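Dumped my_file00.cif below, it's mmCIF, C-alpha atoms and all ligand atoms:
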```cif
data_query
loop_
_atom_site.label_atom_id
_atom_site.label_comp_id
_atom_site.auth_asym_id
_atom_site.auth_seq_id
_atom_site.Cartn_x
_atom_site.Cartn_y
_atom_site.Cartn_z
CA MET A 1 -136.47 -203.22 104.71
CA GLU A 2 -139.25 -204.28 106.96
CA ASP A 3 -142.80 -203.55 105.80
CA MET A 4 -143.96 -201.18 108.55
CA SER A 5 -147.54 -201.00 107.29
CA GLN A 6 -148.23 -204.26 109.16
CA TYR A 7 -147.89 -202.41 112.48
CA PRO A 8 -150.83 -200.36 113.75
CA LEU A 9 -150.07 -196.76 114.72
CA GLU A 10 -151.83 -197.43 118.00
CA LEU A 11 -153.53 -200.37 119.65
CA ASN A 12 -157.22 -199.78 120.23
CA GLY A 13 -160.08 -201.74 121.72
CA ASP A 14 -161.08 -203.20 125.04
CA ASP A 15 -158.24 -205.63 125.45
CA VAL A 16 -155.19 -203.47 124.78
CA PRO A 17 -152.29 -204.97 126.74
CA MET A 18 -150.08 -202.73 128.85
CA VAL A 19 -147.05 -204.01 126.93
CA ARG A 20 -146.90 -205.64 123.53
CA PHE A 21 -143.76 -206.93 121.85
CA MET A 22 -144.75 -207.47 118.23
CA ASN A 23 -142.27 -209.47 116.11
CA VAL A 24 -139.35 -207.94 117.98
CA SER A 25 -135.90 -208.99 116.80
CA LYS A 26 -132.59 -207.83 118.14
CA ARG A 27 -129.26 -208.74 116.60
CA TYR A 28 -125.68 -207.98 117.46
CA GLY A 29 -123.82 -208.56 114.20
CA ASP A 30 -124.61 -212.14 113.20
CA LEU A 31 -125.94 -213.06 116.60
CA THR A 32 -129.74 -213.03 116.90
CA VAL A 33 -130.52 -212.36 120.54
CA LEU A 34 -134.28 -211.89 120.23
CA ASP A 35 -135.97 -213.73 117.43
CA ALA A 36 -139.34 -212.28 116.33
CA LEU A 37 -140.56 -212.12 119.89
CA ASN A 38 -144.27 -211.74 120.56
CA LEU A 39 -145.17 -211.06 124.16
CA ASP A 40 -148.16 -209.31 125.72
CA ILE A 41 -148.30 -208.21 129.33
CA GLN A 42 -151.72 -207.25 130.62
CA GLN A 43 -152.49 -204.39 132.96
CA SER A 44 -151.58 -205.44 136.55
CA GLU A 45 -149.97 -208.63 135.38
CA MET A 46 -146.73 -209.86 136.94
CA VAL A 47 -144.67 -211.69 134.35
CA THR A 48 -141.38 -213.36 135.16
CA VAL A 49 -138.72 -214.31 132.66
CA ILE A 50 -136.48 -217.25 133.43
CA GLY A 51 -134.00 -219.14 131.30
CA PRO A 52 -130.36 -220.04 130.86
CA SER A 53 -127.64 -217.45 130.74
CA GLY A 54 -127.46 -215.84 127.29
CA SER A 55 -131.05 -216.68 126.35
CA GLY A 56 -132.02 -213.02 125.93
CA LYS A 57 -133.72 -212.25 129.25
CA THR A 58 -131.87 -209.03 129.98
CA THR A 59 -132.17 -207.96 126.36
CA VAL A 60 -135.96 -208.04 126.68
CA LEU A 61 -135.74 -205.55 129.53
CA ARG A 62 -133.14 -203.42 127.76
CA MET A 63 -135.39 -203.10 124.73
CA LEU A 64 -138.25 -201.92 126.96
CA MET A 65 -135.95 -199.44 128.62
CA THR A 66 -135.26 -198.05 125.13
CA LEU A 67 -131.55 -198.33 125.87
CA GLU A 68 -130.92 -199.68 122.39
CA LYS A 69 -132.77 -199.83 119.13
CA ILE A 70 -134.46 -203.00 118.00
CA ASN A 71 -133.80 -204.36 114.51
CA GLU A 72 -137.32 -205.42 113.66
CA GLY A 73 -140.76 -205.20 115.16
CA VAL A 74 -142.43 -202.69 117.43
CA ILE A 75 -142.93 -202.44 121.17
CA TYR A 76 -146.13 -200.78 122.38
CA VAL A 77 -146.79 -199.52 125.90
CA ASP A 78 -150.35 -198.75 126.92
CA GLY A 79 -151.35 -198.92 123.27
CA LYS A 80 -148.80 -196.40 122.03
CA PRO A 81 -145.59 -197.30 120.22
CA LEU A 82 -142.53 -196.98 122.43
CA THR A 83 -139.79 -197.75 119.96
CA HIS A 84 -141.41 -196.00 117.00
CA MET A 85 -143.40 -192.91 116.17
CA GLU A 86 -145.80 -192.00 113.45
CA LYS A 87 -144.61 -190.19 110.37
CA ASN A 88 -146.74 -189.76 107.25
CA GLY A 89 -149.11 -192.49 108.38
CA VAL A 90 -146.53 -195.21 109.14
CA LEU A 91 -144.27 -196.02 112.06
CA VAL A 92 -140.64 -194.98 111.84
CA PRO A 93 -137.90 -195.48 114.45
CA ALA A 94 -138.50 -193.11 117.36
CA SER A 95 -136.37 -190.00 117.69
CA ASP A 96 -134.46 -189.33 120.89
CA SER A 97 -136.91 -186.61 121.90
CA TYR A 98 -139.89 -188.94 121.34
CA ILE A 99 -138.18 -191.61 123.44
CA ARG A 100 -137.56 -189.09 126.21
CA SER A 101 -141.25 -188.21 126.20
CA VAL A 102 -142.42 -191.81 126.62
CA LYS A 103 -139.70 -193.54 128.62
CA GLY A 104 -141.06 -192.17 131.91
CA ASP A 105 -143.77 -194.82 131.58
CA ILE A 106 -141.14 -197.45 132.35
CA GLY A 107 -139.67 -197.79 135.83
CA MET A 108 -136.67 -199.96 136.46
CA CYS A 109 -134.55 -201.53 139.12
CA PHE A 110 -131.32 -203.34 138.44
CA GLN A 111 -129.07 -205.78 140.17
CA HIS A 112 -126.78 -202.86 141.04
CA PHE A 113 -129.02 -200.23 142.42
CA ASN A 114 -127.12 -197.15 141.17
CA LEU A 115 -128.33 -194.77 143.84
CA PHE A 116 -126.72 -191.34 143.80
CA PRO A 117 -124.11 -191.68 146.56
CA HIS A 118 -124.01 -187.99 147.47
CA MET A 119 -127.77 -187.80 148.07
CA THR A 120 -129.90 -189.05 150.94
CA ALA A 121 -132.57 -191.69 150.38
CA LEU A 122 -135.20 -188.96 150.13
CA GLN A 123 -133.14 -186.82 147.76
CA ASN A 124 -132.60 -189.88 145.55
CA CYS A 125 -136.37 -190.29 145.38
CA ILE A 126 -137.29 -186.69 144.54
CA GLU A 127 -134.55 -185.94 142.00
CA ALA A 128 -136.22 -187.27 138.86
CA PRO A 129 -139.82 -186.33 139.76
CA ILE A 130 -138.69 -182.70 140.18
CA HIS A 131 -136.28 -182.49 137.26
CA VAL A 132 -137.90 -184.83 134.76
CA LEU A 133 -141.60 -184.76 135.65
CA LYS A 134 -141.42 -181.12 136.83
CA MET A 135 -143.37 -182.04 139.94
CA ASN A 136 -143.34 -179.36 142.64
CA LYS A 137 -141.00 -180.08 145.50
CA LYS A 138 -143.64 -180.44 148.21
CA GLU A 139 -145.60 -182.97 146.17
CA ALA A 140 -142.39 -184.85 145.27
CA ILE A 141 -141.40 -185.07 148.94
CA GLU A 142 -144.86 -186.32 149.98
CA ARG A 143 -144.79 -188.99 147.30
CA ALA A 144 -141.20 -189.98 148.21
CA GLU A 145 -142.10 -190.27 151.89
CA ASP A 146 -145.08 -192.47 151.02
CA MET A 147 -142.95 -194.73 148.85
CA LEU A 148 -140.14 -194.95 151.43
CA GLU A 149 -142.74 -195.91 153.98
CA MET A 150 -144.14 -198.52 151.62
CA VAL A 151 -140.70 -200.17 151.40
CA GLY A 152 -140.33 -199.91 155.18
CA LEU A 153 -137.66 -197.21 155.25
CA ALA A 154 -139.47 -194.10 156.44
CA ASP A 155 -136.95 -193.79 159.28
CA LYS A 156 -133.97 -193.92 156.90
CA LYS A 157 -134.99 -191.13 154.58
CA ASP A 158 -132.16 -188.82 155.62
CA GLN A 159 -129.41 -191.44 155.35
CA HIS A 160 -126.94 -191.60 152.51
CA PRO A 161 -126.68 -194.91 150.63
CA ILE A 162 -123.33 -195.78 152.18
CA ARG A 163 -125.02 -195.91 155.59
CA LEU A 164 -127.62 -198.41 154.36
CA SER A 165 -127.33 -202.17 153.91
CA GLY A 166 -127.52 -203.65 150.39
CA GLY A 167 -131.10 -204.74 151.01
CA GLN A 168 -132.05 -201.27 152.22
CA GLN A 169 -130.35 -199.66 149.22
CA GLN A 170 -132.30 -201.90 146.88
CA ARG A 171 -135.54 -200.94 148.66
CA VAL A 172 -134.68 -197.26 148.18
CA ALA A 173 -134.06 -197.99 144.50
CA ILE A 174 -137.52 -199.57 144.26
CA ALA A 175 -139.09 -196.57 146.05
CA ARG A 176 -137.22 -194.22 143.72
CA ALA A 177 -138.54 -195.98 140.63
CA LEU A 178 -142.11 -195.89 142.01
CA CYS A 179 -141.88 -192.14 142.63
CA MET A 180 -142.00 -191.69 138.86
CA ARG A 181 -145.43 -193.39 138.75
CA PRO A 182 -144.41 -195.77 135.98
CA LYS A 183 -147.01 -197.70 134.05
CA VAL A 184 -144.67 -200.69 133.90
CA MET A 185 -141.98 -201.70 136.34
CA LEU A 186 -138.95 -203.74 135.27
CA LEU A 187 -136.93 -205.70 137.78
CA ASP A 188 -133.63 -207.17 136.62
CA GLU A 189 -132.08 -209.64 139.02
CA VAL A 190 -132.82 -207.30 141.89
CA THR A 191 -131.69 -209.82 144.48
CA SER A 192 -128.59 -211.20 142.75
CA ALA A 193 -126.08 -208.81 144.27
CA LEU A 194 -127.48 -209.12 147.79
CA ASP A 195 -126.29 -211.10 150.76
CA PRO A 196 -128.56 -214.09 151.37
CA GLU A 197 -129.83 -212.77 154.69
CA VAL A 198 -131.30 -209.59 153.15
CA ILE A 199 -132.88 -211.14 150.05
CA GLY A 200 -136.11 -211.77 151.96
CA GLU A 201 -136.65 -208.12 152.82
CA VAL A 202 -136.47 -207.18 149.13
CA THR A 203 -138.65 -210.02 147.89
CA ASN A 204 -141.21 -209.15 150.58
CA VAL A 205 -141.38 -205.57 149.34
CA ILE A 206 -141.94 -206.81 145.80
CA LYS A 207 -144.63 -209.21 146.99
CA LYS A 208 -146.35 -206.32 148.75
CA LEU A 209 -146.17 -204.22 145.59
CA VAL A 210 -147.79 -206.96 143.59
CA ALA A 211 -150.49 -207.56 146.18
CA GLU A 212 -151.39 -203.95 146.95
CA HIS A 213 -150.45 -201.74 144.05
CA ASN A 214 -151.69 -203.49 140.90
CA LEU A 215 -148.53 -202.59 139.05
CA THR A 216 -147.70 -204.17 135.73
CA MET A 217 -144.33 -205.83 136.15
CA LEU A 218 -141.76 -207.70 134.14
CA MET A 219 -139.08 -209.38 136.18
CA VAL A 220 -135.97 -211.39 135.40
CA THR A 221 -134.84 -213.64 138.22
CA HIS A 222 -132.81 -216.73 138.98
CA GLN A 223 -134.80 -217.38 142.12
CA MET A 224 -137.32 -219.99 141.06
CA GLY A 225 -139.09 -220.04 144.43
CA PHE A 226 -139.65 -216.30 144.26
CA ALA A 227 -140.86 -216.53 140.66
CA ARG A 228 -143.31 -219.24 141.66
CA ASP A 229 -144.60 -217.23 144.61
CA ILE A 230 -145.41 -213.99 142.93
CA SER A 231 -145.82 -214.41 139.18
CA ASP A 232 -149.07 -214.54 137.30
CA ARG A 233 -147.16 -215.98 134.38
CA VAL A 234 -143.67 -217.35 133.88
CA CYS A 235 -141.92 -217.27 130.50
CA PHE A 236 -139.05 -219.65 129.90
CA PHE A 237 -136.63 -218.18 127.38
CA PHE A 238 -134.30 -220.20 125.21
CA ASP A 239 -132.24 -218.84 122.30
CA GLY A 240 -134.07 -215.53 122.13
CA LYS A 241 -137.51 -217.10 122.01
CA ILE A 242 -140.19 -218.02 124.48
CA GLU A 243 -139.83 -221.78 124.60
CA GLU A 244 -142.71 -222.24 127.01
CA GLN A 245 -144.92 -220.08 129.20
CA GLY A 246 -147.71 -220.56 131.67
CA THR A 247 -148.84 -220.14 135.24
CA PRO A 248 -146.14 -220.88 137.80
CA THR A 249 -147.88 -224.13 138.70
CA ALA A 250 -148.11 -225.28 135.10
CA LEU A 251 -144.57 -224.30 134.20
CA PHE A 252 -142.78 -225.48 137.33
CA ASP A 253 -144.83 -228.57 138.14
CA ASN A 254 -145.74 -229.76 134.69
CA PRO A 255 -143.35 -228.37 132.06
CA GLN A 256 -144.20 -229.65 128.60
CA ARG A 257 -141.02 -228.94 126.68
CA GLU A 258 -137.85 -230.89 127.07
CA ARG A 259 -135.67 -227.79 127.32
CA THR A 260 -137.83 -226.42 130.11
CA GLN A 261 -137.63 -229.74 131.94
CA GLN A 262 -133.85 -229.83 131.57
CA PHE A 263 -133.42 -226.25 132.74
CA LEU A 264 -135.66 -226.71 135.75
CA SER A 265 -134.02 -229.94 136.83
CA ALA A 266 -130.59 -228.27 136.54
CA VAL A 267 -131.51 -225.28 138.71
CA LYS A 268 -133.45 -227.15 141.40
P1 LIG B 301 -129.46 -213.32 129.58
O1 LIG B 301 -129.95 -212.11 130.29
O2 LIG B 301 -130.52 -214.33 129.32
O3 LIG B 301 -128.26 -213.94 130.24
P2 LIG B 301 -128.69 -211.43 127.54
O4 LIG B 301 -129.96 -210.83 127.11
O5 LIG B 301 -127.84 -210.65 128.49
O6 LIG B 301 -128.97 -212.88 128.14
O7 LIG B 301 -127.78 -211.76 126.30
C1 LIG B 301 -128.22 -212.54 125.21
C2 LIG B 301 -127.10 -212.69 124.23
O8 LIG B 301 -126.77 -211.42 123.67
C3 LIG B 301 -125.82 -213.23 124.81
O9 LIG B 301 -125.28 -214.13 123.88
C4 LIG B 301 -124.94 -212.01 124.94
O10 LIG B 301 -123.59 -212.34 124.85
C5 LIG B 301 -125.40 -211.16 123.77
N1 LIG B 301 -125.22 -209.72 124.00
C6 LIG B 301 -125.84 -208.97 124.92
N2 LIG B 301 -125.49 -207.69 124.84
C7 LIG B 301 -124.60 -207.60 123.82
C8 LIG B 301 -123.86 -206.52 123.19
N3 LIG B 301 -123.99 -205.26 123.64
N4 LIG B 301 -123.07 -206.84 122.16
C9 LIG B 301 -122.97 -208.10 121.71
N5 LIG B 301 -123.63 -209.15 122.23
C10 LIG B 301 -124.44 -208.90 123.27
#
```
Turn the structure described in the file into C-alpha cells.
Ligand code: ADP
Amino acid sequence: MEDMSQYPLELNGDDVPMVRFMNVSKRYGDLTVLDALNLDIQQSEMVTVIGPSGSGKTTVLRMLMTLEKINEGVIYVDGKPLTHMEKNGVLVPASDSYIRSVKGDIGMCFQHFNLFPHMTALQNCIEAPIHVLKMNKKEAIERAEDMLEMVGLADKKDQHPIRLSGGQQQRVAIARALCMRPKVMLLDEVTSALDPEVIGEVTNVIKKLVAEHNLTMLMVTHQMGFARDISDRVCFFFDGKIEEQGTPTALFDNPQRERTQQFLSAVK
C-alpha cells in the first residue's frame, strides 16, 4: 500500500499550480502506462504533449478527466485533490460523488466531437450548464451565444450538427466545453479527424483562446507546427515518462535527448 501521508491534503502558498500530477502511476495489468509522473501546469499555461504512439499521452488526459482511477499518486487541480479526498486526515481514493463535484473544473474536447445529434449548436452548448451547473436558462443562452461567437459560429447556432462541417462541429464542441467555465481545458487530437482544409479554422480558434482567454490548457497533438506555434511548454513523452520538456524553441530546435531527436526527425 502506498503511504498517503506524503501527499498534502491541499496545496497552499503563492505558487500553487493549476494542475499538479504528483508521482502518478497508471498500470493496466503488467503494463505500466504512466510511471511516477510529475507534471505541473501553471495558471494560464498552454502545455502540449507529444510523443510516439503508445507513450501515454492520452492516458494523461484520461486521468485528468477522472475517467479511470490511477494506481499511485495524486492529481491536484487548483490546489485541491481531484483523484482523492480527505478522510480522517489523509487522502483516500475519491468517491463517485466527490468526483462529480470536482470534474466540472475540467473541460475537454476530443478527436471525435460527440455533439448531441438531435440538438442544435446552441442546445448542445446550454445542456450541461443548465442540467449540471444549474445555471438559469437565460444566462446559459447568453454565455452560449458569446462562446459560439468566439468560435465564429454565431450564425450557425440553430443548426444541427449534421448540417455543419467537421471543422464547424469541432468549433461547437470547443464552445460547448467553454460554456462550463472550466479551470483547465484538455484538447485531445482535436484536429486528427478533420479534413486538411478545415484544420486551420480549428487551430485558429485555439490560438485565439490562448491569446485572449488566459485558459490553462493541456493538449495532445501530432501537429508539430501547431504545437510550436501556441505552446508555452512542450513535453515529449516516451514510455509513460516525460523524456524531455522545454519551450517550443528549445525542444524543437535544440532537443537534448536522443529519443527526442529521433522522434522529431521521424515526424518532420
Ligand atoms: P498514446 O496516447 O501516447 O498513443 P495511450 O495513452 O493511448 O498512448 O496508451 C498508452 C499505453 O496504454 C498503450 O500501450 C496502450 O495500449 C495502453 N492502454 C491504453 N488504454 C488501455 C486499456 N484500457 N487497457 C489496456 N491497455 C491500455
Find the spatial neighbours of stretch 146-148 of chain A, counting all atoms listed in the file, within a cut-off of 9 Å - ignore same-chain residues fewer than 4 positions away - and output them as a ChimeraX atom specification. /A:121-122,125,141-142,152-157,171-172,174-176,178-179
Residues of chain A that have any atom at most 10 Å from an atom of ligand LIG 301 (chain B): could you tabulate them with the shortest-distance atom pair and the distance in Å to one decimal, using all atoms listed in the file, ordered by chain and increasing number, as a tab-separated table?
```
residue	atom	partner	partner_atom	distance
A:Lys26	CA	B:LIG301	O8	8.8
A:Arg27	CA	B:LIG301	O8	8.0
A:Tyr28	CA	B:LIG301	C9	5.0
A:Gly29	CA	B:LIG301	C9	7.6
A:Asp30	CA	B:LIG301	C9	9.6
A:Leu31	CA	B:LIG301	N5	7.2
A:Thr32	CA	B:LIG301	O8	7.6
A:Val33	CA	B:LIG301	O8	5.0
A:Leu34	CA	B:LIG301	C1	7.9
A:Val49	CA	B:LIG301	O2	8.9
A:Ile50	CA	B:LIG301	O2	7.8
A:Gly51	CA	B:LIG301	O2	6.3
A:Pro52	CA	B:LIG301	O2	5.9
A:Ser53	CA	B:LIG301	O3	3.6
A:Gly54	CA	B:LIG301	O6	3.4
A:Ser55	CA	B:LIG301	O2	3.8
A:Gly56	CA	B:LIG301	O4	3.2
A:Lys57	CA	B:LIG301	O2	3.8
A:Thr58	CA	B:LIG301	O1	3.6
A:Thr59	CA	B:LIG301	O4	3.7
A:Val60	CA	B:LIG301	O4	6.6
A:Leu61	CA	B:LIG301	O4	8.2
A:Arg62	CA	B:LIG301	O4	8.1
A:Met63	CA	B:LIG301	O4	9.7
A:Glu68	CA	B:LIG301	N3	9.0
A:Asp188	CA	B:LIG301	O1	8.8
A:Glu189	CA	B:LIG301	O1	9.3
A:Val220	CA	B:LIG301	O1	7.9
A:Thr221	CA	B:LIG301	O1	9.4
A:Phe237	CA	B:LIG301	O2	7.5
A:Phe238	CA	B:LIG301	O2	8.1
A:Asp239	CA	B:LIG301	C1	8.0
A:Gly240	CA	B:LIG301	C1	7.3
```
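Atom CA of A:Asn71 is positioned 16.6 Å from atom CA of A:Val90.
Minimum atom-to-atom distance to A:Val210, evaluated using all atoms listed in the file, belongs to A:Glu45 out of A:Glu45, A:Glu145, A:Glu139, A:Asp105.
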Pick from A:Pro129, A:Gly79, A:Gly225, A:Gly13 nearest to A:Val267, counting only C-alpha atoms: A:Gly225
Which is closer to A:Met219 than all the others in A:Phe110, A:Phe21, A:Phe263, A:Tyr7, using only C-alpha atoms? A:Phe110
Fewer than 4 positions away in the same chain doesn't count, so skip those; otherwise give me all residues within 12 Å of A:Leu91, counting only C-alpha atoms, as a count of residues only. 23
Identify which of the residues A:Ser231, A:Lys183, A:Leu251, A:Asp158 lies closest to A:Met108, counting only C-alpha atoms when measuring atom-to-atom distances. A:Lys183
Please identify all polymer residues within 10 Å of A:Gln111, counting only C-alpha atoms, omitting same-chain residues fewer than 6 positions from it, and present them as a list in words. Gln170, Leu187, Asp188, Glu189, Val190, Thr191, Ser192, Ala193, Leu194 and Thr221 of chain A
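Taking atom CA of A:Phe236 and atom CA of A:Asp40 as the two end points, the separation is 14.4 Å.
Between atom CA of A:Val234 and atom CA of A:Pro248 lies a distance of 5.8 Å.
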Given only C-alpha atoms as the counted atoms, nearest of A:Met224, A:Ala36, A:Cys109, A:Ala173 to A:Leu264: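 For A:Leu264, the nearest of the candidates is A:Met224.
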For A:Met46, which residue out of A:Leu186, A:Glu127, A:Val202, A:Gln262 is the nearest one, using only C-alpha atoms? A:Leu186
Is it possible to get the axis-aligned box enclosing stretch 237-245 of chain A (all listed atoms, 6 Å extra per side) as JSON, with centre and edge lengths in Å rounded to one decimal?
```
{"center_x": -138.6, "center_y": -218.9, "center_z": 125.6, "size_x": 24.7, "size_y": 18.7, "size_z": 19.2}
```
If we count only C-alpha atoms and set the cut-off at 10 Å, which residues sit around A:Val132, ignoring sequence neighbours fewer than 3 positions away in its own chain? Please answer as a tab-separated table (two decimals) with C-alpha atoms, in the coordinates of the input.
```tsv
chain	number	residue	atom	x	y	z
A	100	ARG	CA	-137.56	-189.09	126.21
A	101	SER	CA	-141.25	-188.21	126.20
A	104	GLY	CA	-141.06	-192.17	131.91
A	126	ILE	CA	-137.29	-186.69	144.54
A	127	GLU	CA	-134.55	-185.94	142.00
A	128	ALA	CA	-136.22	-187.27	138.86
A	129	PRO	CA	-139.82	-186.33	139.76
A	135	MET	CA	-143.37	-182.04	139.94
A	180	MET	CA	-142.00	-191.69	138.86
```
Working from the structure I just supplied, which lacks atoms in stretch 218-247 of chain A, can you model N, CA and C atoms there and output them as a CSV table (one decimal), in the coordinates of the input?
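So result02.csv came out as:
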```csv
chain,number,residue,atom,x,y,z
A,218,LEU,N,-142.5,-206.7,134.9
A,218,LEU,CA,-141.8,-207.7,134.1
A,218,LEU,C,-140.5,-207.9,134.9
A,219,MET,N,-140.2,-209.1,135.3
A,219,MET,CA,-139.1,-209.4,136.2
A,219,MET,C,-138.2,-210.5,135.6
A,220,VAL,N,-136.9,-210.3,135.7
A,220,VAL,CA,-136.0,-211.4,135.4
A,220,VAL,C,-135.4,-211.9,136.7
A,221,THR,N,-135.4,-213.1,137.0
A,221,THR,CA,-134.8,-213.6,138.2
A,221,THR,C,-134.3,-215.0,138.0
A,222,HIS,N,-133.3,-215.4,138.9
A,222,HIS,CA,-132.8,-216.7,139.0
A,222,HIS,C,-133.4,-217.5,140.2
A,223,GLN,N,-134.2,-216.8,140.9
A,223,GLN,CA,-134.8,-217.4,142.1
A,223,GLN,C,-136.1,-218.0,141.8
A,224,MET,N,-136.1,-219.3,141.5
A,224,MET,CA,-137.3,-220.0,141.1
A,224,MET,C,-138.4,-220.0,142.1
A,225,GLY,N,-138.1,-220.0,143.4
A,225,GLY,CA,-139.1,-220.0,144.4
A,225,GLY,C,-139.8,-218.7,144.5
A,226,PHE,N,-139.1,-217.7,144.3
A,226,PHE,CA,-139.6,-216.3,144.3
A,226,PHE,C,-140.6,-216.1,143.0
A,227,ALA,N,-140.1,-216.6,141.9
A,227,ALA,CA,-140.9,-216.5,140.7
A,227,ALA,C,-142.2,-217.3,140.8
A,228,ARG,N,-142.1,-218.4,141.5
A,228,ARG,CA,-143.3,-219.2,141.7
A,228,ARG,C,-144.3,-218.5,142.6
A,229,ASP,N,-143.8,-217.9,143.6
A,229,ASP,CA,-144.6,-217.2,144.6
A,229,ASP,C,-145.4,-216.1,144.0
A,230,ILE,N,-144.8,-215.3,143.2
A,230,ILE,CA,-145.4,-214.0,142.9
A,230,ILE,C,-145.9,-213.8,141.5
A,231,SER,N,-145.5,-214.7,140.6
A,231,SER,CA,-145.8,-214.4,139.2
A,231,SER,C,-147.2,-214.8,138.8
A,232,ASP,N,-147.8,-214.1,137.9
A,232,ASP,CA,-149.1,-214.5,137.3
A,232,ASP,C,-148.7,-215.5,136.2
A,233,ARG,N,-147.6,-215.2,135.5
A,233,ARG,CA,-147.2,-216.0,134.4
A,233,ARG,C,-145.6,-216.0,134.4
A,234,VAL,N,-145.1,-217.2,134.0
A,234,VAL,CA,-143.7,-217.4,133.9
A,234,VAL,C,-143.4,-217.7,132.4
A,235,CYS,N,-142.4,-217.0,131.9
A,235,CYS,CA,-141.9,-217.3,130.5
A,235,CYS,C,-140.5,-217.9,130.5
A,236,PHE,N,-140.4,-219.0,130.0
A,236,PHE,CA,-139.0,-219.6,129.9
A,236,PHE,C,-138.4,-219.3,128.5
A,237,PHE,N,-137.3,-218.6,128.6
A,237,PHE,CA,-136.6,-218.2,127.4
A,237,PHE,C,-135.5,-219.2,127.0
A,238,PHE,N,-135.4,-219.4,125.7
A,238,PHE,CA,-134.3,-220.2,125.2
A,238,PHE,C,-134.0,-219.7,123.8
A,239,ASP,N,-132.7,-219.3,123.6
A,239,ASP,CA,-132.2,-218.8,122.3
A,239,ASP,C,-133.1,-217.7,121.8
A,240,GLY,N,-133.4,-216.7,122.6
A,240,GLY,CA,-134.1,-215.5,122.1
A,240,GLY,C,-135.5,-215.7,121.8
A,241,LYS,N,-136.1,-216.8,122.3
A,241,LYS,CA,-137.5,-217.1,122.0
A,241,LYS,C,-138.2,-217.6,123.3
A,242,ILE,N,-139.5,-217.4,123.4
A,242,ILE,CA,-140.2,-218.0,124.5
A,242,ILE,C,-140.4,-219.5,124.1
A,243,GLU,N,-139.7,-220.3,124.8
A,243,GLU,CA,-139.8,-221.8,124.6
A,243,GLU,C,-141.1,-222.3,125.2
A,244,GLU,N,-141.5,-221.8,126.3
A,244,GLU,CA,-142.7,-222.2,127.0
A,244,GLU,C,-143.1,-221.2,128.0
A,245,GLN,N,-144.4,-221.0,128.2
A,245,GLN,CA,-144.9,-220.1,129.2
A,245,GLN,C,-146.2,-220.6,129.8
A,246,GLY,N,-146.5,-220.1,131.0
A,246,GLY,CA,-147.7,-220.6,131.7
A,246,GLY,C,-147.8,-220.1,133.1
A,247,THR,N,-148.8,-220.5,133.8
A,247,THR,CA,-148.8,-220.1,135.2
A,247,THR,C,-147.7,-220.8,135.9
```
